[in-house]
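Text of protein-v8.txt, listed as compact mmCIF, C-alpha atoms:
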```txt
# COMPACT_ATOMS: atom_id res chain seq x y z
CA MET A 1 -42.02 66.68 104.89
CA VAL A 2 -42.20 63.59 102.68
CA LEU A 3 -45.96 63.24 103.22
CA VAL A 4 -46.55 66.94 102.47
CA GLY A 5 -44.48 66.65 99.29
CA LEU A 6 -46.45 63.54 98.31
CA VAL A 7 -49.81 65.29 98.78
CA LEU A 8 -48.67 68.37 96.81
CA THR A 9 -47.24 66.32 93.97
CA ALA A 10 -50.20 63.94 93.70
CA SER A 11 -52.71 66.81 93.86
CA PHE A 12 -51.03 68.82 91.15
CA MET A 13 -50.50 65.71 89.06
CA ILE A 14 -54.28 65.36 88.85
CA ALA A 15 -54.67 69.09 88.14
CA GLU A 16 -52.02 68.94 85.40
CA PHE A 17 -53.65 65.90 83.80
CA ILE A 18 -57.01 67.72 83.73
CA GLY A 19 -55.26 70.84 82.41
CA GLY A 20 -53.70 68.77 79.65
CA ILE A 21 -57.08 67.34 78.65
CA LEU A 22 -58.80 70.76 78.65
CA SER A 23 -55.99 72.58 76.83
CA GLY A 24 -55.37 69.73 74.41
CA SER A 25 -51.70 69.52 75.39
CA LEU A 26 -50.15 66.05 75.28
CA ALA A 27 -46.96 67.49 76.77
CA LEU A 28 -48.87 68.47 79.92
CA ILE A 29 -50.34 64.98 80.15
CA ALA A 30 -46.85 63.51 79.74
CA ASP A 31 -45.55 65.85 82.43
CA ALA A 32 -48.40 64.71 84.66
CA GLY A 33 -47.21 61.17 83.97
CA HIS A 34 -43.74 62.18 85.06
CA MET A 35 -45.24 63.68 88.20
CA LEU A 36 -46.78 60.25 88.76
CA THR A 37 -43.23 58.87 88.96
CA ASP A 38 -42.44 61.62 91.49
CA ALA A 39 -45.54 60.79 93.52
CA ALA A 40 -44.60 57.11 93.40
CA ALA A 41 -41.05 57.82 94.57
CA LEU A 42 -42.34 60.00 97.41
CA GLY A 43 -45.00 57.42 98.23
CA LEU A 44 -42.42 54.65 98.43
CA ALA A 45 -40.20 56.81 100.62
CA TRP A 46 -43.14 57.53 102.95
CA ALA A 47 -44.19 53.85 102.92
CA ALA A 48 -40.66 52.85 103.88
CA PHE A 49 -40.84 55.09 106.96
CA ARG A 50 -44.46 54.28 107.78
CA PHE A 51 -44.55 50.51 107.30
CA GLY A 52 -40.95 50.06 108.37
CA ARG A 53 -42.08 50.85 111.91
CA LYS A 54 -44.73 48.12 111.94
CA LEU A 55 -43.59 45.14 113.90
CA SER A 56 -43.63 41.60 112.59
CA ASP A 57 -46.25 39.11 113.67
CA SER A 58 -46.75 35.35 113.45
CA ARG A 59 -47.98 35.57 109.84
CA ARG A 60 -45.53 38.20 108.56
CA THR A 61 -42.19 37.59 110.23
CA PHE A 62 -40.56 40.45 108.30
CA GLY A 63 -43.39 42.85 109.10
CA TYR A 64 -44.81 45.00 106.30
CA VAL A 65 -41.65 46.48 104.84
CA ARG A 66 -42.09 44.70 101.48
CA PHE A 67 -45.24 46.73 100.86
CA GLU A 68 -42.87 49.26 99.32
CA VAL A 69 -41.63 46.68 96.82
CA LEU A 70 -45.13 45.60 95.79
CA ALA A 71 -46.19 49.23 95.35
CA GLY A 72 -43.11 49.84 93.23
CA PHE A 73 -43.96 46.92 90.94
CA VAL A 74 -47.52 48.14 90.38
CA ASN A 75 -46.25 51.67 89.76
CA ALA A 76 -43.66 50.52 87.19
CA VAL A 77 -46.24 48.51 85.21
CA THR A 78 -48.61 51.51 85.26
CA LEU A 79 -45.89 53.80 83.94
CA PHE A 80 -45.11 51.46 81.05
CA ALA A 81 -48.78 51.51 80.06
CA LEU A 82 -48.85 55.32 80.33
CA VAL A 83 -45.76 55.68 78.10
CA ALA A 84 -47.31 53.39 75.48
CA TRP A 85 -50.49 55.47 75.42
CA ILE A 86 -48.67 58.83 75.23
CA THR A 87 -46.44 57.57 72.39
CA TYR A 88 -49.45 56.30 70.46
CA GLU A 89 -51.29 59.62 70.93
CA ALA A 90 -48.18 61.60 69.93
CA ILE A 91 -47.85 59.69 66.65
CA GLN A 92 -51.54 60.26 65.92
CA ARG A 93 -51.22 63.99 66.59
CA LEU A 94 -48.18 64.37 64.35
CA PHE A 95 -50.33 63.19 61.45
CA GLU A 96 -53.50 64.92 62.63
CA PRO A 97 -52.61 68.06 64.66
CA HIS A 98 -55.02 69.03 67.43
CA PRO A 99 -55.79 72.61 68.48
CA ILE A 100 -53.97 73.57 71.68
CA LEU A 101 -54.81 76.41 74.09
CA ALA A 102 -51.32 77.80 74.67
CA GLY A 103 -52.37 80.26 77.39
CA PRO A 104 -53.87 77.74 79.84
CA MET A 105 -51.09 75.30 78.97
CA LEU A 106 -48.46 77.90 79.93
CA ILE A 107 -50.18 78.74 83.22
CA VAL A 108 -50.48 75.07 84.26
CA ALA A 109 -46.86 74.37 83.27
CA ILE A 110 -45.58 77.32 85.32
CA LEU A 111 -47.61 76.20 88.33
CA GLY A 112 -46.16 72.71 87.91
CA LEU A 113 -42.65 74.14 87.90
CA LEU A 114 -43.36 76.06 91.14
CA VAL A 115 -44.80 72.93 92.81
CA ASN A 116 -41.73 70.91 91.85
CA ILE A 117 -39.38 73.59 93.16
CA GLY A 118 -41.31 73.67 96.45
CA VAL A 119 -41.26 69.87 96.83
CA PHE A 120 -37.53 69.77 96.01
CA PHE A 121 -36.71 72.26 98.78
CA MET A 122 -38.92 70.33 101.20
CA LEU A 123 -36.96 67.15 100.49
CA MET A 124 -33.70 69.00 101.01
CA GLN A 125 -34.79 69.60 104.60
CA GLY A 126 -35.10 65.85 105.21
CA ASP A 127 -32.59 63.03 105.52
CA ARG A 128 -30.76 63.34 102.19
CA GLU A 129 -28.64 60.30 103.02
CA HIS A 130 -31.67 58.01 102.95
CA VAL A 131 -31.82 56.01 99.72
CA ASN A 132 -35.53 56.69 99.14
CA ILE A 133 -35.20 60.43 99.79
CA ARG A 134 -32.30 60.64 97.34
CA GLY A 135 -34.34 58.75 94.75
CA ALA A 136 -37.33 61.07 95.24
CA MET A 137 -35.09 64.14 94.84
CA LEU A 138 -33.76 62.80 91.54
CA HIS A 139 -37.31 62.21 90.33
CA VAL A 140 -38.36 65.76 91.22
CA MET A 141 -35.28 67.20 89.49
CA GLY A 142 -36.25 65.28 86.37
CA ASP A 143 -39.78 66.65 86.56
CA LEU A 144 -38.40 70.18 86.82
CA LEU A 145 -36.98 69.64 83.34
CA GLY A 146 -40.34 68.30 82.21
CA SER A 147 -42.09 71.44 83.42
CA VAL A 148 -39.53 73.62 81.65
CA ALA A 149 -40.13 71.64 78.44
CA ALA A 150 -43.90 72.13 78.74
CA ILE A 151 -43.38 75.87 79.31
CA ALA A 152 -41.14 76.05 76.23
CA ALA A 153 -43.75 74.19 74.14
CA ALA A 154 -46.51 76.57 75.29
CA ILE A 155 -44.42 79.63 74.40
CA ILE A 156 -43.54 78.25 70.96
CA ILE A 157 -47.18 77.41 70.22
CA TYR A 158 -48.34 80.82 71.46
CA PHE A 159 -45.97 82.81 69.25
CA THR A 160 -45.68 80.53 66.20
CA GLY A 161 -48.74 78.29 66.26
CA TRP A 162 -46.50 75.29 65.52
CA THR A 163 -48.44 72.59 67.42
CA PRO A 164 -46.23 69.58 66.47
CA ILE A 165 -43.81 70.74 69.18
CA ASP A 166 -46.34 69.45 71.74
CA PRO A 167 -46.35 65.75 70.70
CA ILE A 168 -42.59 65.92 70.02
CA LEU A 169 -41.86 67.10 73.57
CA SER A 170 -44.39 64.62 74.96
CA VAL A 171 -42.38 61.79 73.42
CA LEU A 172 -39.17 63.19 74.95
CA LEU A 173 -40.88 63.37 78.35
CA SER A 174 -42.12 59.81 77.85
CA ALA A 175 -38.52 58.72 77.33
CA ILE A 176 -37.68 60.18 80.76
CA ILE A 177 -40.67 58.36 82.28
CA LEU A 178 -39.63 55.13 80.54
CA ARG A 179 -36.11 55.39 81.95
CA ALA A 180 -37.46 55.93 85.48
CA ALA A 181 -39.96 53.08 85.10
CA TRP A 182 -37.30 50.70 83.77
CA PHE A 183 -34.94 51.58 86.64
CA LEU A 184 -37.74 51.13 89.18
CA LEU A 185 -38.85 47.79 87.70
CA GLY A 186 -35.25 46.54 87.63
CA ASN A 187 -34.78 47.39 91.31
CA VAL A 188 -38.09 45.79 92.28
CA ILE A 189 -37.39 42.58 90.36
CA HIS A 190 -33.88 42.41 91.82
CA ILE A 191 -35.31 42.62 95.35
CA LEU A 192 -38.08 40.10 94.62
CA MET A 193 -35.47 37.73 93.16
CA GLU A 194 -33.51 38.24 96.40
CA GLY A 195 -30.51 39.55 94.51
CA THR A 196 -27.41 40.81 96.26
CA PRO A 197 -27.61 44.58 97.04
CA SER A 198 -25.66 46.63 94.49
CA ASN A 199 -23.28 48.04 97.11
CA ILE A 200 -22.19 44.59 98.35
CA GLU A 201 -19.72 42.24 96.69
CA ILE A 202 -20.05 38.69 98.02
CA ALA A 203 -16.38 37.79 97.59
CA GLU A 204 -15.28 41.02 99.28
CA LEU A 205 -17.73 40.52 102.17
CA ARG A 206 -16.46 36.97 102.71
CA LYS A 207 -12.87 38.23 102.69
CA THR A 208 -13.76 40.95 105.21
CA VAL A 209 -15.37 38.48 107.63
CA LEU A 210 -12.36 36.14 107.40
CA GLY A 211 -9.98 39.05 107.90
CA GLU A 212 -11.72 40.75 110.83
CA VAL A 213 -12.92 37.71 112.77
CA SER A 214 -9.65 35.80 113.26
CA ASP A 215 -11.26 32.66 114.78
CA ILE A 216 -12.97 31.78 111.46
CA ALA A 217 -11.30 29.36 109.04
CA ASP A 218 -13.96 29.43 106.31
CA VAL A 219 -17.27 31.05 105.34
CA SER A 220 -19.78 29.01 103.36
CA HIS A 221 -23.49 29.01 102.44
CA LEU A 222 -23.31 32.81 102.22
CA HIS A 223 -26.47 34.57 101.07
CA VAL A 224 -27.11 38.32 101.06
CA TRP A 225 -30.36 39.89 99.87
CA SER A 226 -32.65 42.85 100.54
CA ILE A 227 -35.86 42.54 102.53
CA THR A 228 -36.76 45.89 100.99
CA SER A 229 -34.82 48.88 99.72
CA GLY A 230 -32.05 49.79 102.15
CA LYS A 231 -32.64 46.80 104.45
CA PRO A 232 -30.10 44.07 103.62
CA ALA A 233 -30.07 40.69 105.37
CA ALA A 234 -27.59 37.82 105.37
CA THR A 235 -27.16 34.19 106.33
CA MET A 236 -23.92 32.23 106.46
CA GLU A 237 -22.19 29.21 107.90
CA VAL A 238 -18.74 29.63 109.49
CA THR A 239 -16.11 26.99 110.17
CA LEU A 240 -13.94 27.71 113.22
CA LYS A 241 -10.21 27.35 113.67
CA ASP A 242 -8.83 25.09 116.37
CA GLY A 243 -9.06 26.73 119.78
CA ALA A 244 -11.47 29.43 118.57
CA ASP A 245 -13.65 31.37 121.00
CA HIS A 246 -16.93 29.86 119.79
CA GLN A 247 -19.02 31.66 122.40
CA THR A 248 -18.44 35.12 120.90
CA VAL A 249 -17.76 34.41 117.22
CA THR A 250 -21.33 34.86 115.96
CA GLU A 251 -21.66 38.17 117.80
CA ARG A 252 -18.38 39.40 116.29
CA VAL A 253 -19.48 38.42 112.79
CA LYS A 254 -22.79 40.28 113.20
CA LYS A 255 -21.01 43.39 114.47
CA THR A 256 -18.69 43.29 111.46
CA LEU A 257 -21.61 42.97 109.06
CA ALA A 258 -23.46 45.85 110.72
CA ARG A 259 -20.42 48.14 110.81
CA ARG A 260 -19.07 47.46 107.32
CA TYR A 261 -22.23 46.75 105.31
CA SER A 262 -25.17 48.03 107.40
CA ILE A 263 -26.49 44.46 107.59
CA ARG A 264 -28.40 44.42 110.88
CA HIS A 265 -30.38 41.24 110.29
CA ALA A 266 -27.99 38.30 110.01
CA THR A 267 -28.14 34.62 110.85
CA VAL A 268 -24.75 33.03 111.53
CA GLU A 269 -24.48 29.27 111.97
CA ILE A 270 -21.37 27.48 113.20
CA ASN A 271 -20.34 24.41 111.23
CA TRP A 272 -19.17 21.89 113.83
CA GLY A 273 -18.48 19.14 111.30
CA GLY A 274 -15.27 20.55 109.87
CA GLN A 275 -15.44 20.46 106.07
CA PRO A 276 -18.56 22.36 104.91
CA GLU A 277 -20.91 20.70 102.46
CA ALA A 278 -21.67 22.27 99.11
CA CYS A 279 -24.75 24.50 99.22
CA SER A 280 -27.80 22.93 97.55
CA LEU A 281 -28.60 26.29 95.88
CA ALA A 282 -25.19 26.64 94.24
CA ASP A 283 -24.24 25.69 90.69
CA PRO A 284 -21.98 22.62 91.15
CA ALA A 285 -19.92 23.62 88.11
CA GLN A 286 -19.14 27.00 89.68
CA THR A 287 -18.63 25.93 93.31
CA MET A 288 -14.98 26.08 94.37
CA PRO A 289 -13.73 23.70 97.08
CA SER A 290 -12.35 26.56 99.18
CA ALA A 291 -15.05 29.15 98.54
CA HIS A 292 -18.71 28.36 98.89
CA ALA A 293 -19.90 31.98 98.97
CA HIS A 294 -22.68 33.02 96.65
CA ALA A 295 -25.94 34.94 96.80
CA HIS A 296 -29.55 34.54 95.97
```

Could you rewrite the structure in this file as structure tokens?
Amino acid sequence: MVLVGLVLTASFMIAEFIGGILSGSLALIADAGHMLTDAAALGLAWAAFRFGRKLSDSRRTFGYVRFEVLAGFVNAVTLFALVAWITYEAIQRLFEPHPILAGPMLIVAILGLLVNIGVFFMLMQGDREHVNIRGAMLHVMGDLLGSVAAIAAAIIIYFTGWTPIDPILSVLLSAIILRAAWFLLGNVIHILMEGTPSNIEIAELRKTVLGEVSDIADVSHLHVWSITSGKPAATMEVTLKDGADHQTVTERVKKTLARRYSIRHATVEINWGGQPEACSLADPAQTMPSAHAHAH
């Protein structure tokens, strides 16, 4: 379903862009740009499923799952450039109005609305709990509004001949694209910087491990990051209590991380020396003697 939605969206995006050029409508071009964000979201969702199944090898020990992140970065930069161009063109057209063919513009906008509705219902048939599917659905819902705006602009131009509504709405659509691009770029940079996933609090995770695995006296050198969207990983060092069952403690920690935080790739090291050393990646001024937990 995701691949079908991607093909439909990408195909009509090209058709809408051509329709915008032929009809002279900047709003259609802006809506095509918003469909580019939809296609990117669907493409990233499909890439997550497709490349997530590829196994790691000796050169890529995490496999190919970060392809999604690299694609997201390229897409975000492209969207910023598109928004800059649309805004520039809109300002030019406010001072020098261009003739617009309202009839073809209306037809293309209505077709775009129908495509978006079809893609939205396709996505509803998929796994709506998956983070990438949810993101793609939000993108498509936003583009539905863009199509409605383009339809409204075409109707206004047809009945009143007031063409400035086209660049005005194109700027509003660009604002929606800019918001999506900024959100996408922020997520990509956060992953590339190996930031802690937004749904995980380091202090709370440390407290959970200490509370549920009773043999552990301390957790230090704690790092949690995302390999790609929806795939968190963690490393930590644990100090055991006297008489602890050291043979099963790492397994119990991993089960806790998987159950409570969906972290299924974790490395747990036992500190046999007693007092843990301060982590070399931590800020010495912020490192507490009894809590060494922090994140990349």

Atomic distance atom CA of His265 of chain A - atom CA of Val249 of chain A, expressed in Å with one decimal: 15.9 Å

Could you check which of A:Arg50, A:Ala84, A:Leu28, A:Lys255 is closest to Leu111 of chain A, using all atoms listed in the file? A:Leu28

With all atoms listed in the file as the counted atoms, please give the residues lying no more than 9 Å from segment 87-102 of chain A, apart from itself and same-chain residues fewer than 3 positions off, as a list in words. Leu22, Ser23, Gly24, Ser25, Leu26, Leu82, Val83, Ala84, Met105, Leu106, Ile107, Ala153, Ala154, Ile155, Ile156, Ile157, Tyr158, Gly161, Thr163, Pro164, Asp166, Pro167, Ile168, Ser170, Val171 and Ser174 of chain A

Prev. selection, C-alpha atoms, output as a PDB file, in the frame of the given file:
```
ATOM      1  CA  LEU A  22     -58.800  70.760  78.650  1.00  0.00           C
ATOM      2  CA  SER A  23     -55.990  72.580  76.830  1.00  0.00           C
ATOM      3  CA  GLY A  24     -55.370  69.730  74.410  1.00  0.00           C
ATOM      4  CA  SER A  25     -51.700  69.520  75.390  1.00  0.00           C
ATOM      5  CA  LEU A  26     -50.150  66.050  75.280  1.00  0.00           C
ATOM      6  CA  LEU A  82     -48.850  55.320  80.330  1.00  0.00           C
ATOM      7  CA  VAL A  83     -45.760  55.680  78.100  1.00  0.00           C
ATOM      8  CA  ALA A  84     -47.310  53.390  75.480  1.00  0.00           C
ATOM      9  CA  MET A 105     -51.090  75.300  78.970  1.00  0.00           C
ATOM     10  CA  LEU A 106     -48.460  77.900  79.930  1.00  0.00           C
ATOM     11  CA  ILE A 107     -50.180  78.740  83.220  1.00  0.00           C
ATOM     12  CA  ALA A 153     -43.750  74.190  74.140  1.00  0.00           C
ATOM     13  CA  ALA A 154     -46.510  76.570  75.290  1.00  0.00           C
ATOM     14  CA  ILE A 155     -44.420  79.630  74.400  1.00  0.00           C
ATOM     15  CA  ILE A 156     -43.540  78.250  70.960  1.00  0.00           C
ATOM     16  CA  ILE A 157     -47.180  77.410  70.220  1.00  0.00           C
ATOM     17  CA  TYR A 158     -48.340  80.820  71.460  1.00  0.00           C
ATOM     18  CA  GLY A 161     -48.740  78.290  66.260  1.00  0.00           C
ATOM     19  CA  THR A 163     -48.440  72.590  67.420  1.00  0.00           C
ATOM     20  CA  PRO A 164     -46.230  69.580  66.470  1.00  0.00           C
ATOM     21  CA  ASP A 166     -46.340  69.450  71.740  1.00  0.00           C
ATOM     22  CA  PRO A 167     -46.350  65.750  70.700  1.00  0.00           C
ATOM     23  CA  ILE A 168     -42.590  65.920  70.020  1.00  0.00           C
ATOM     24  CA  SER A 170     -44.390  64.620  74.960  1.00  0.00           C
ATOM     25  CA  VAL A 171     -42.380  61.790  73.420  1.00  0.00           C
ATOM     26  CA  SER A 174     -42.120  59.810  77.850  1.00  0.00           C
TER      27      SER A 174
END
```

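The space separating atom CA of Ser226 of chain A from atom CA of Val238 of chain A comes to 21.2 Å.
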
Expressed in Å to a single decimal, how great is the separation between atom CA of Val188 of chain A and atom CA of Pro232 of chain A?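 So the answer is 14.0 Å.
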
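Within 7 Å of the point (-16.6, 26.5, 106.0), counting all atoms listed in the file, the protein and nucleic acid residues come to Ala217, Asp218, Val219, Ser220, Glu237, Val238, Thr239, Asn271, Gln275 and Pro276 of chain A.
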
Please dump the current selection as a short mmCIF file (atom, residue, chain, number, x, y, z; two decimals), in the coordinates of the input; keep C-alpha atoms.
```cif
data_model
loop_
_atom_site.label_atom_id
_atom_site.label_comp_id
_atom_site.auth_asym_id
_atom_site.auth_seq_id
_atom_site.Cartn_x
_atom_site.Cartn_y
_atom_site.Cartn_z
CA ALA A 217 -11.30 29.36 109.04
CA ASP A 218 -13.96 29.43 106.31
CA VAL A 219 -17.27 31.05 105.34
CA SER A 220 -19.78 29.01 103.36
CA GLU A 237 -22.19 29.21 107.90
CA VAL A 238 -18.74 29.63 109.49
CA THR A 239 -16.11 26.99 110.17
CA ASN A 271 -20.34 24.41 111.23
CA GLN A 275 -15.44 20.46 106.07
CA PRO A 276 -18.56 22.36 104.91
#
```

So that all listed atoms of segment 146-154 of chain A fit with 4 Å spare on each side, what axis-aligned box centre and edge lengths in Å, to one decimal, would you give as lines of an AutoDock Vina configuration file?
```
center_x = -43.0
center_y = 72.4
center_z = 78.8
size_x = 15.0
size_y = 16.3
size_z = 17.3
```

Compile the contact shell of Ala180 of chain A as an MDAnalysis selection string: residues with an atom at most 9 Å away, counting only C-alpha atoms, same-chain residues fewer than 3 positions apart removed. chainID A and resid 34 37 76 79 139 175:177 183:185

Neighbours of Ala71 of chain A within 12 Å (only C-alpha atoms; same-chain residues fewer than 2 positions away dropped), as a compact mmCIF listing (two decimals) with C-alpha atoms, keeping the file's coordinate frame?
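Writing the result to around-v2.txt gives the following:
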```txt
# COMPACT_ATOMS: atom_id res chain seq x y z
CA THR A 37 -43.23 58.87 88.96
CA ALA A 39 -45.54 60.79 93.52
CA ALA A 40 -44.60 57.11 93.40
CA ALA A 41 -41.05 57.82 94.57
CA LEU A 42 -42.34 60.00 97.41
CA GLY A 43 -45.00 57.42 98.23
CA LEU A 44 -42.42 54.65 98.43
CA ALA A 45 -40.20 56.81 100.62
CA TRP A 46 -43.14 57.53 102.95
CA ALA A 47 -44.19 53.85 102.92
CA ALA A 48 -40.66 52.85 103.88
CA TYR A 64 -44.81 45.00 106.30
CA VAL A 65 -41.65 46.48 104.84
CA ARG A 66 -42.09 44.70 101.48
CA PHE A 67 -45.24 46.73 100.86
CA GLU A 68 -42.87 49.26 99.32
CA VAL A 69 -41.63 46.68 96.82
CA PHE A 73 -43.96 46.92 90.94
CA VAL A 74 -47.52 48.14 90.38
CA ASN A 75 -46.25 51.67 89.76
CA ALA A 76 -43.66 50.52 87.19
CA VAL A 77 -46.24 48.51 85.21
CA THR A 78 -48.61 51.51 85.26
CA LEU A 184 -37.74 51.13 89.18
CA LEU A 185 -38.85 47.79 87.70
CA VAL A 188 -38.09 45.79 92.28
CA THR A 228 -36.76 45.89 100.99
```

Listing only residues of segment 1-96 of chain A within 9 Å of segment 112-115 of chain A, what is the closest atom pair and its distance in Å (to one decimal) for each, using all atoms listed in the file, sorted by chain and residue number ascending, as a tab-separated table?
```
residue	atom	partner	partner_atom	distance
A:Leu8	CA	A:Val115	CA	7.2
A:Thr9	CA	A:Val115	CA	7.1
A:Phe12	CA	A:Gly112	CA	7.0
A:Met13	CA	A:Gly112	CA	8.3
A:Glu16	CA	A:Gly112	CA	7.4
A:Asp31	CA	A:Gly112	CA	8.8
A:Ala32	CA	A:Gly112	CA	8.9
```
